[in-house]
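Visitor: Dropping a structure here in structure tokens format, bear with me for questions.
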Amino acid sequence: MALQVIRGISQLRSVLDKHRQTGERIVCVPTMGNLHEGHMALIQLAHKHGEVVVATIFVNPLQFGLNEDWDQYPRTFDSDVDKLNSVNCHYLFFPTDEEMYPFGMDNQTRVFCPTMTDVLCGASRPGHFEGVTTVVTKLFHIADPDVAIFGEKDWQQLAVIRRMVADLCMRVKIVGAPIARDHDGLALSSRNAFISEDERPRANQLNKSLNWAREQILSGNKDYGRIEAQAKQQILDAGFRPDYFSVCNAQNLAPALDEDTDLAILGALFTEGARLIDNVQLKIER
Ligand code: AMP
């Protein structure tokens, strides 16, 4: 079956209801489009979790700050459709802003997950995660999926969505997908298009520093503060401005404590034209 593009909420609901009535499981993959290999891997993983795969493309204005890149965000509908077809995605939900926010963004009821959203990316992007949790809740109410797939590339987003689903007793099962990377370790991202040619050979520094920090901790270094400071210096030395670099509890994203064994190291840096994020996970034996 070729990909079917659907723009209306009621139209999507009626096609998905028919599948649900025959016992098929719906798997949803929310995206903002400009699809790359990382997104394709999410769709491929989605096929393993159900019979009907629904991708969504919506460049959600509610999750962009006033000075951010909502208007410059790459919109590549035709090639996105080709890519979705190449991985046998069944439906693409591609709503307009008016379909998603018929009463305007200012009047939109919000979903807010506290504490985990004002650190890391949330600290430099106030309101961002409220926009994410609000739109993802809406997409879950619209598609009513059995499973939804999110990339580990956005580890904080994944952790926040897992918490929201638990807090609000949503039935959907959240599945995380591993980070897809370029040959030199740079995490694939739509925003990589904004990295200049001059910067590109060094743009994997964040990944290098994350792996370096991981090795430090695995070899017994427990001075997380010093590791974070050294990693930021490595990023500066490579010619980029670090945003944050933080060793965290992998689930609640608080700064890692001595007794924490399930850790995530998260980092963000600014290139001239983009803000890049990445993370690594590690478990330590006690
Ligand atoms: P985006 O279109 O950037 O909002 O991303 C849509 C989904 O794809 C999110 O769940 C992201 O975490 C995921 N994603 C984006 N880039 C990657 C990547 N390099 N590897 C794995 N998942 C990714």
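Here's how to read the names in the structure tokens: chain A, B, ... by the order shown, residue numbers from 1 in each chain, ligand numbers from 1 in the order shown.
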Kindly compile the residues surrounding ligand 1 within 7 Å, counting only C-alpha atoms and all ligand atoms, and format them as a list in words.

Guide: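 Within the 7 Å cut-off, the matching residues are Pro30, Thr31, Met32, Gly33, Asn34, Leu35, Gly38, His39, Leu42, Ile149, Phe150, Gly151, Glu152, Lys153, Asp154, Ala177, Pro178, Ile179, Ala180, Arg181, Ala187, Leu188, Ser189 and Ser190 of chain A.
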
Visitor: Would you write out those residues with N, CA and C atoms, as a compact mmCIF listing (two decimals), in the first residue's frame?

Guide:
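Writing done, so here's result-v8.txt:
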```txt
# COMPACT_ATOMS: atom_id res chain seq x y z
N PRO A 30 6.14 10.51 15.57
CA PRO A 30 6.04 11.97 15.39
C PRO A 30 7.36 12.57 14.93
N THR A 31 7.31 13.46 13.93
CA THR A 31 8.52 14.14 13.43
C THR A 31 8.16 15.58 13.03
N MET A 32 9.22 16.33 12.71
CA MET A 32 9.02 17.66 12.14
C MET A 32 9.44 17.67 10.67
N GLY A 33 9.62 16.48 10.08
CA GLY A 33 9.95 16.42 8.65
C GLY A 33 11.43 16.63 8.40
N ASN A 34 11.76 16.93 7.11
CA ASN A 34 13.16 16.98 6.66
C ASN A 34 13.85 15.67 7.06
N LEU A 35 13.24 14.61 6.62
CA LEU A 35 13.59 13.28 7.13
C LEU A 35 14.97 12.82 6.68
N GLY A 38 18.03 8.70 10.34
CA GLY A 38 17.59 8.50 11.73
C GLY A 38 16.08 8.32 11.81
N HIS A 39 15.36 9.17 11.07
CA HIS A 39 13.89 9.04 11.05
C HIS A 39 13.49 7.72 10.40
N LEU A 42 13.53 4.92 12.68
CA LEU A 42 12.36 4.94 13.57
C LEU A 42 11.16 4.25 12.90
N ILE A 149 7.08 5.85 18.81
CA ILE A 149 8.54 5.72 18.77
C ILE A 149 9.18 7.11 18.81
N PHE A 150 10.17 7.26 19.68
CA PHE A 150 10.93 8.51 19.76
C PHE A 150 12.42 8.17 19.76
N GLY A 151 13.24 9.06 19.21
CA GLY A 151 14.68 8.82 19.13
C GLY A 151 15.39 9.16 20.42
N GLU A 152 16.39 8.36 20.74
CA GLU A 152 17.21 8.64 21.92
C GLU A 152 18.10 9.86 21.70
N LYS A 153 18.22 10.30 20.45
CA LYS A 153 18.99 11.52 20.18
C LYS A 153 18.48 12.66 21.05
N ASP A 154 17.14 12.75 21.18
CA ASP A 154 16.54 13.78 22.04
C ASP A 154 16.22 13.12 23.38
N ALA A 177 14.43 4.74 20.25
CA ALA A 177 15.25 4.20 19.15
C ALA A 177 16.67 4.75 19.27
N PRO A 178 17.68 3.89 19.02
CA PRO A 178 19.07 4.34 19.14
C PRO A 178 19.41 5.49 18.20
N ILE A 179 20.45 6.23 18.55
CA ILE A 179 20.84 7.41 17.76
C ILE A 179 21.52 6.98 16.45
N ALA A 180 21.03 7.50 15.33
CA ALA A 180 21.68 7.27 14.03
C ALA A 180 22.74 8.36 13.84
N ARG A 181 23.93 7.94 13.42
CA ARG A 181 25.06 8.86 13.34
C ARG A 181 25.69 8.86 11.96
N ALA A 187 25.75 13.06 15.38
CA ALA A 187 24.36 12.58 15.37
C ALA A 187 23.61 13.23 14.22
N LEU A 188 22.88 12.42 13.44
CA LEU A 188 22.11 12.98 12.33
C LEU A 188 21.03 13.90 12.88
N SER A 189 20.85 15.03 12.20
CA SER A 189 19.84 16.00 12.63
C SER A 189 19.48 16.87 11.45
N SER A 190 18.23 17.29 11.41
CA SER A 190 17.81 18.23 10.35
C SER A 190 18.62 19.50 10.44
```

Visitor: Fewer than 2 positions away in the same chain doesn't count, so skip those; otherwise give me all residues within 9 Å of Glu130 (chain A), counting only C-alpha atoms, as an NGL selection string.

Guide: :A and (62-63 or 110-113 or 117 or 126-128 or 132-135)

Visitor: How would the residues just picked look written out with all heavy atoms as an mmCIF file, in the first residue's frame?

Guide:
```
data_model
loop_
_atom_site.group_PDB
_atom_site.id
_atom_site.type_symbol
_atom_site.label_atom_id
_atom_site.label_comp_id
_atom_site.auth_asym_id
_atom_site.auth_seq_id
_atom_site.Cartn_x
_atom_site.Cartn_y
_atom_site.Cartn_z
ATOM 1 N N LEU A 62 4.474 25.874 18.620
ATOM 2 C CA LEU A 62 4.395 26.017 20.086
ATOM 3 C C LEU A 62 5.695 25.626 20.794
ATOM 4 O O LEU A 62 5.919 26.014 21.933
ATOM 5 C CB LEU A 62 3.248 25.125 20.582
ATOM 6 C CG LEU A 62 2.574 25.480 21.897
ATOM 7 C CD1 LEU A 62 1.974 26.871 21.860
ATOM 8 C CD2 LEU A 62 1.502 24.445 22.231
ATOM 9 N N GLN A 63 6.553 24.855 20.145
ATOM 10 C CA GLN A 63 7.781 24.428 20.820
ATOM 11 C C GLN A 63 9.005 25.246 20.412
ATOM 12 O O GLN A 63 10.117 24.948 20.831
ATOM 13 C CB GLN A 63 8.027 22.931 20.609
ATOM 14 C CG GLN A 63 8.430 22.544 19.207
ATOM 15 C CD GLN A 63 8.441 21.040 19.019
ATOM 16 O OE1 GLN A 63 7.408 20.389 19.091
ATOM 17 N NE2 GLN A 63 9.620 20.483 18.786
ATOM 18 N N ARG A 110 -2.559 23.697 27.733
ATOM 19 C CA ARG A 110 -1.185 23.172 27.707
ATOM 20 C C ARG A 110 -1.026 21.965 28.621
ATOM 21 O O ARG A 110 -1.703 21.846 29.639
ATOM 22 C CB ARG A 110 -0.184 24.227 28.187
ATOM 23 C CG ARG A 110 -0.330 25.593 27.564
ATOM 24 C CD ARG A 110 0.166 25.595 26.136
ATOM 25 N NE ARG A 110 -0.069 26.909 25.529
ATOM 26 C CZ ARG A 110 0.891 27.786 25.252
ATOM 27 N NH1 ARG A 110 2.144 27.504 25.500
ATOM 28 N NH2 ARG A 110 0.593 28.946 24.690
ATOM 29 N N VAL A 111 -0.049 21.146 28.284
ATOM 30 C CA VAL A 111 0.382 20.040 29.155
ATOM 31 C C VAL A 111 1.788 20.384 29.621
ATOM 32 O O VAL A 111 2.667 20.672 28.801
ATOM 33 C CB VAL A 111 0.391 18.707 28.389
ATOM 34 C CG1 VAL A 111 0.895 17.577 29.279
ATOM 35 C CG2 VAL A 111 -1.000 18.396 27.854
ATOM 36 N N PHE A 112 1.981 20.374 30.922
ATOM 37 C CA PHE A 112 3.251 20.852 31.480
ATOM 38 C C PHE A 112 3.826 19.797 32.413
ATOM 39 O O PHE A 112 3.164 19.345 33.339
ATOM 40 C CB PHE A 112 2.996 22.167 32.227
ATOM 41 C CG PHE A 112 4.174 22.640 33.018
ATOM 42 C CD1 PHE A 112 5.374 22.948 32.393
ATOM 43 C CD2 PHE A 112 4.085 22.778 34.402
ATOM 44 C CE1 PHE A 112 6.468 23.396 33.120
ATOM 45 C CE2 PHE A 112 5.174 23.219 35.141
ATOM 46 C CZ PHE A 112 6.364 23.519 34.500
ATOM 47 N N CYS A 113 5.054 19.392 32.151
ATOM 48 C CA CYS A 113 5.757 18.432 33.002
ATOM 49 C C CYS A 113 6.818 19.229 33.777
ATOM 50 O O CYS A 113 7.716 19.792 33.158
ATOM 51 C CB CYS A 113 6.378 17.373 32.093
ATOM 52 S SG CYS A 113 7.489 16.250 32.916
ATOM 53 N N THR A 117 11.910 19.731 32.923
ATOM 54 C CA THR A 117 11.869 20.527 31.688
ATOM 55 C C THR A 117 12.544 21.887 31.816
ATOM 56 O O THR A 117 12.643 22.615 30.834
ATOM 57 C CB THR A 117 10.414 20.756 31.244
ATOM 58 O OG1 THR A 117 9.698 21.327 32.343
ATOM 59 C CG2 THR A 117 9.767 19.459 30.843
ATOM 60 N N PRO A 126 13.294 28.131 27.053
ATOM 61 C CA PRO A 126 12.131 28.176 27.943
ATOM 62 C C PRO A 126 10.833 27.921 27.173
ATOM 63 O O PRO A 126 10.642 28.468 26.087
ATOM 64 C CB PRO A 126 12.146 29.605 28.507
ATOM 65 C CG PRO A 126 13.472 30.180 28.163
ATOM 66 C CD PRO A 126 14.041 29.386 27.023
ATOM 67 N N GLY A 127 9.977 27.082 27.714
ATOM 68 C CA GLY A 127 8.690 26.813 27.063
ATOM 69 C C GLY A 127 8.750 25.714 26.011
ATOM 70 O O GLY A 127 7.724 25.209 25.561
ATOM 71 N N HIS A 128 9.973 25.315 25.620
ATOM 72 C CA HIS A 128 10.106 24.331 24.542
ATOM 73 C C HIS A 128 9.382 23.023 24.888
ATOM 74 O O HIS A 128 8.575 22.508 24.103
ATOM 75 C CB HIS A 128 11.587 24.058 24.269
ATOM 76 C CG HIS A 128 11.845 22.860 23.417
ATOM 77 N ND1 HIS A 128 11.519 22.822 22.087
ATOM 78 C CD2 HIS A 128 12.372 21.642 23.705
ATOM 79 C CE1 HIS A 128 11.830 21.633 21.591
ATOM 80 N NE2 HIS A 128 12.353 20.905 22.554
ATOM 81 N N VAL A 132 6.270 20.727 23.348
ATOM 82 C CA VAL A 132 6.409 19.326 22.929
ATOM 83 C C VAL A 132 5.337 18.464 23.606
ATOM 84 O O VAL A 132 4.625 17.701 22.939
ATOM 85 C CB VAL A 132 7.822 18.793 23.266
ATOM 86 C CG1 VAL A 132 7.901 17.279 23.054
ATOM 87 C CG2 VAL A 132 8.882 19.500 22.432
ATOM 88 N N THR A 133 5.222 18.578 24.926
ATOM 89 C CA THR A 133 4.265 17.696 25.625
ATOM 90 C C THR A 133 2.836 18.014 25.196
ATOM 91 O O THR A 133 1.993 17.117 25.098
ATOM 92 C CB THR A 133 4.424 17.794 27.161
ATOM 93 O OG1 THR A 133 4.556 19.160 27.541
ATOM 94 C CG2 THR A 133 5.627 17.020 27.638
ATOM 95 N N THR A 134 2.578 19.283 24.908
ATOM 96 C CA THR A 134 1.228 19.647 24.458
ATOM 97 C C THR A 134 0.935 19.037 23.085
ATOM 98 O O THR A 134 -0.100 18.392 22.886
ATOM 99 C CB THR A 134 1.084 21.188 24.411
ATOM 100 O OG1 THR A 134 1.292 21.697 25.729
ATOM 101 C CG2 THR A 134 -0.292 21.599 23.913
ATOM 102 N N VAL A 135 1.865 19.188 22.151
ATOM 103 C CA VAL A 135 1.567 18.683 20.798
ATOM 104 C C VAL A 135 1.567 17.153 20.781
ATOM 105 O O VAL A 135 0.741 16.532 20.082
ATOM 106 C CB VAL A 135 2.527 19.272 19.742
ATOM 107 C CG1 VAL A 135 3.866 18.568 19.704
ATOM 108 C CG2 VAL A 135 1.891 19.229 18.364
#
```

Visitor: Considering only C-alpha atoms, give me a table of residues in region 215-267 of chain A that are at most 10 Å from region 198-202 of chain A, with the closest atom pair and distance in Å for each, as CSV.

Guide:
```
residue,atom,partner,partner_atom,distance
A:Ile235,CA,A:Arg202,CA,9.5
A:Ala238,CA,A:Arg202,CA,6.6
A:Gly239,CA,A:Arg202,CA,8.2
A:Phe240,CA,A:Glu199,CA,8.9
```

Visitor: Residues within 12 Å of Leu236 (chain A), please, as a VMD selection string. Count only C-alpha atoms; anything in the same chain fewer than 2 positions from it doesn't count.

Guide: chain A and resid 202 to 203 205 to 206 209 229 to 234 238 to 245 269 to 271

Visitor: Could you write out the selected residues, including C-alpha atoms, as a PDB file, in the first residue's frame?

Guide:
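As a result, part.pdb now contains:
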```
ATOM      1  CA  ARG A 202      35.019  19.477  13.833  1.00  0.00           C
ATOM      2  CA  ALA A 203      31.288  19.168  14.435  1.00  0.00           C
ATOM      3  CA  GLN A 205      33.483  17.209  18.918  1.00  0.00           C
ATOM      4  CA  LEU A 206      30.379  16.911  21.082  1.00  0.00           C
ATOM      5  CA  SER A 209      33.710  14.636  24.336  1.00  0.00           C
ATOM      6  CA  ALA A 229      34.406  21.335  32.951  1.00  0.00           C
ATOM      7  CA  GLN A 230      37.104  19.531  30.959  1.00  0.00           C
ATOM      8  CA  ALA A 231      34.611  18.449  28.291  1.00  0.00           C
ATOM      9  CA  LYS A 232      33.386  22.042  27.917  1.00  0.00           C
ATOM     10  CA  GLN A 233      36.990  23.144  27.478  1.00  0.00           C
ATOM     11  CA  GLN A 234      37.475  20.514  24.735  1.00  0.00           C
ATOM     12  CA  ALA A 238      37.427  22.879  18.906  1.00  0.00           C
ATOM     13  CA  GLY A 239      35.984  26.320  18.195  1.00  0.00           C
ATOM     14  CA  PHE A 240      32.434  25.952  19.480  1.00  0.00           C
ATOM     15  CA  ARG A 241      30.512  27.526  22.352  1.00  0.00           C
ATOM     16  CA  PRO A 242      29.231  24.886  24.759  1.00  0.00           C
ATOM     17  CA  ASP A 243      25.643  25.295  25.985  1.00  0.00           C
ATOM     18  CA  TYR A 244      25.670  22.569  28.634  1.00  0.00           C
ATOM     19  CA  PHE A 245      27.505  19.331  29.344  1.00  0.00           C
ATOM     20  CA  LEU A 269      26.867  23.292  21.691  1.00  0.00           C
ATOM     21  CA  PHE A 270      26.410  26.223  19.371  1.00  0.00           C
ATOM     22  CA  THR A 271      27.901  26.279  15.900  1.00  0.00           C
TER      23      THR A 271
END
```

Visitor: Running DSSP on the backbone, which parts of region 135-258 of chain A land in alpha helix (DSSP H), as a PyMOL selection string?

Guide: chain A and resi 135-143+155-167+205-218+224-237

Visitor: Quick one: residues within 8 Å of Leu210 (chain A), only C-alpha atoms counted, chain neighbours fewer than 5 positions away excluded, as a VMD selection string?

Guide: chain A and resid 231 265 to 267 279 to 280

Visitor: With a distance cut-off of 8 Å and only C-alpha atoms, select the neighbouring residues of Asp146 (chain A), excluding the residue or stretch itself and same-chain residues fewer than 4 positions from it, and output the selection as a VMD selection string.

Guide: chain A and resid 25 to 27 171 to 173

Visitor: With C-alpha atoms retained, write the just-selected residues as a tab-separated table (two decimals), in the first residue's frame.

Guide:
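As a result, part_0.tsv now contains:
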```tsv
chain	number	residue	atom	x	y	z
A	25	ARG	CA	-1.95	-2.22	16.26
A	26	ILE	CA	-1.20	1.41	15.41
A	27	VAL	CA	2.36	2.71	15.77
A	171	ARG	CA	-2.11	3.78	27.54
A	172	VAL	CA	0.42	4.31	24.76
A	173	LYS	CA	3.69	2.41	25.04
```

Visitor: With distances taken over only C-alpha atoms, which residue among A:Arg214, A:Lys222, A:Arg191, A:Lys138 lies nearest Asp69 (chain A)?

Guide: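 When distances to Asp69 (chain A) are compared using only C-alpha atoms, the smallest one comes from A:Arg191.
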
Visitor: How close does region 200-231 of chain A get to region 246-256 of chain A? List, as CSV, each residue of region 200-231 of chain A within 9 Å, its nearest atom pair and the distance in Å to one decimal, counting only C-alpha atoms.

Guide:
```
residue,atom,partner,partner_atom,distance
A:Ala213,CA,A:Val247,CA,8.7
A:Tyr224,CA,A:Val247,CA,6.5
A:Gly225,CA,A:Val247,CA,8.3
A:Ile227,CA,A:Val247,CA,8.7
A:Glu228,CA,A:Ser246,CA,6.1
```

Visitor: Next, write the just-selected residues to a file, as a PDB file, in the first residue's frame, keeping N, CA, C and O atoms as the atom set.

Guide:
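Saved the output as part.pdb:
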```pdb
ATOM      1  N   ALA A 213      34.044  11.444  28.165  1.00  0.00           N
ATOM      2  CA  ALA A 213      33.495  11.530  29.533  1.00  0.00           C
ATOM      3  C   ALA A 213      32.997  10.152  30.002  1.00  0.00           C
ATOM      4  O   ALA A 213      33.215   9.747  31.152  1.00  0.00           O
ATOM      5  N   TYR A 224      32.433  14.216  38.670  1.00  0.00           N
ATOM      6  CA  TYR A 224      31.620  14.583  37.503  1.00  0.00           C
ATOM      7  C   TYR A 224      31.769  16.062  37.149  1.00  0.00           C
ATOM      8  O   TYR A 224      31.795  16.424  35.979  1.00  0.00           O
ATOM      9  N   GLY A 225      31.889  16.904  38.188  1.00  0.00           N
ATOM     10  CA  GLY A 225      32.023  18.349  37.950  1.00  0.00           C
ATOM     11  C   GLY A 225      33.268  18.657  37.125  1.00  0.00           C
ATOM     12  O   GLY A 225      33.225  19.460  36.186  1.00  0.00           O
ATOM     13  N   ILE A 227      34.925  16.514  35.186  1.00  0.00           N
ATOM     14  CA  ILE A 227      34.753  15.928  33.840  1.00  0.00           C
ATOM     15  C   ILE A 227      33.950  16.889  32.955  1.00  0.00           C
ATOM     16  O   ILE A 227      34.305  17.158  31.803  1.00  0.00           O
ATOM     17  N   GLU A 228      32.864  17.432  33.531  1.00  0.00           N
ATOM     18  CA  GLU A 228      32.015  18.358  32.761  1.00  0.00           C
ATOM     19  C   GLU A 228      32.817  19.591  32.334  1.00  0.00           C
ATOM     20  O   GLU A 228      32.737  20.029  31.177  1.00  0.00           O
TER      21      GLU A 228
END
```

Visitor: Could you please write out, as a JSON list (two decimals) with N, CA and C atoms, in the first residue's frame, every residue of region 31-129 of chain A that DSSP assigns to strand (DSSP E or B)?

Guide:
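As written to disk, result.json reads:
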```
[["chain", "number", "residue", "atom", "x", "y", "z"],
["A", 31, "THR", "N", 7.31, 13.46, 13.93],
["A", 31, "THR", "CA", 8.52, 14.14, 13.43],
["A", 31, "THR", "C", 8.16, 15.58, 13.03],
["A", 52, "VAL", "N", 0.21, -1.14, 11.60],
["A", 52, "VAL", "CA", -0.09, 0.10, 10.87],
["A", 52, "VAL", "C", 0.85, 1.20, 11.37],
["A", 53, "VAL", "N", 1.64, 1.76, 10.44],
["A", 53, "VAL", "CA", 2.63, 2.76, 10.83],
["A", 53, "VAL", "C", 2.18, 4.15, 10.35],
["A", 54, "VAL", "N", 2.08, 5.06, 11.31],
["A", 54, "VAL", "CA", 1.65, 6.42, 11.02],
["A", 54, "VAL", "C", 2.77, 7.38, 11.39],
["A", 55, "ALA", "N", 3.35, 8.03, 10.38],
["A", 55, "ALA", "CA", 4.32, 9.11, 10.67],
["A", 55, "ALA", "C", 3.55, 10.42, 10.74],
["A", 56, "THR", "N", 4.03, 11.35, 11.54],
["A", 56, "THR", "CA", 3.44, 12.68, 11.50],
["A", 56, "THR", "C", 4.54, 13.69, 11.19],
["A", 57, "ILE", "N", 4.19, 14.70, 10.41],
["A", 57, "ILE", "CA", 5.10, 15.81, 10.16],
["A", 57, "ILE", "C", 4.37, 17.09, 10.54],
["A", 91, "TYR", "N", 0.76, 5.67, 6.63],
["A", 91, "TYR", "CA", 0.06, 6.97, 6.63],
["A", 91, "TYR", "C", 1.02, 8.06, 7.06],
["A", 92, "LEU", "N", 0.81, 9.24, 6.45],
["A", 92, "LEU", "CA", 1.49, 10.45, 6.92],
["A", 92, "LEU", "C", 0.41, 11.43, 7.35],
["A", 93, "PHE", "N", 0.42, 11.79, 8.62],
["A", 93, "PHE", "CA", -0.48, 12.86, 9.10],
["A", 93, "PHE", "C", 0.31, 14.16, 9.00]]
```

Visitor: So, counting only C-alpha atoms, which residue among A:Gly104, A:Gly50, A:Pro95, A:Gly122 is closest to Gly65 (chain A)?

Guide: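 Checking each candidate against Gly65 (chain A), we get A:Gly122 as the closest.
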
Visitor: State, in Å with one decimal place, the distance from CA of Pro102 (chain A) to CA of Arg75 (chain A).

Guide: 21.7 Å

Visitor: What is the CA of Thr115 (chain A)-CA of Leu168 (chain A) distance in Å, reported with one decimal?

Guide: 15.9 Å

Visitor: For Arg286 (chain A), which residue among A:Lys18, A:Leu218, A:Asn107, A:Tyr73 is the nearest when counting only C-alpha atoms?

Guide: A:Leu218

Visitor: One decimal, Å: what's the distance from CA of Leu158 (chain A) over to CA of Lys283 (chain A), could you say?

Guide: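 CA of Lys283 (chain A) lies 18.1 Å from CA of Leu158 (chain A).
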
Visitor: Residues near Arg162 (chain A), anyone? I mean within 10 Å using only C-alpha atoms, not counting same-chain ones fewer than 3 positions away, as JSON, numbers by chain.

Guide: {"A": [156, 157, 158, 159, 165, 166, 167, 170, 172, 173, 174, 175, 176, 251]}

Visitor: My list of candidates is A:Ile43, A:Ile284, A:Ile9, A:Gln4. Which is closest to Val147 (chain A) when distances are computed with only C-alpha atoms?

Guide: A:Ile43
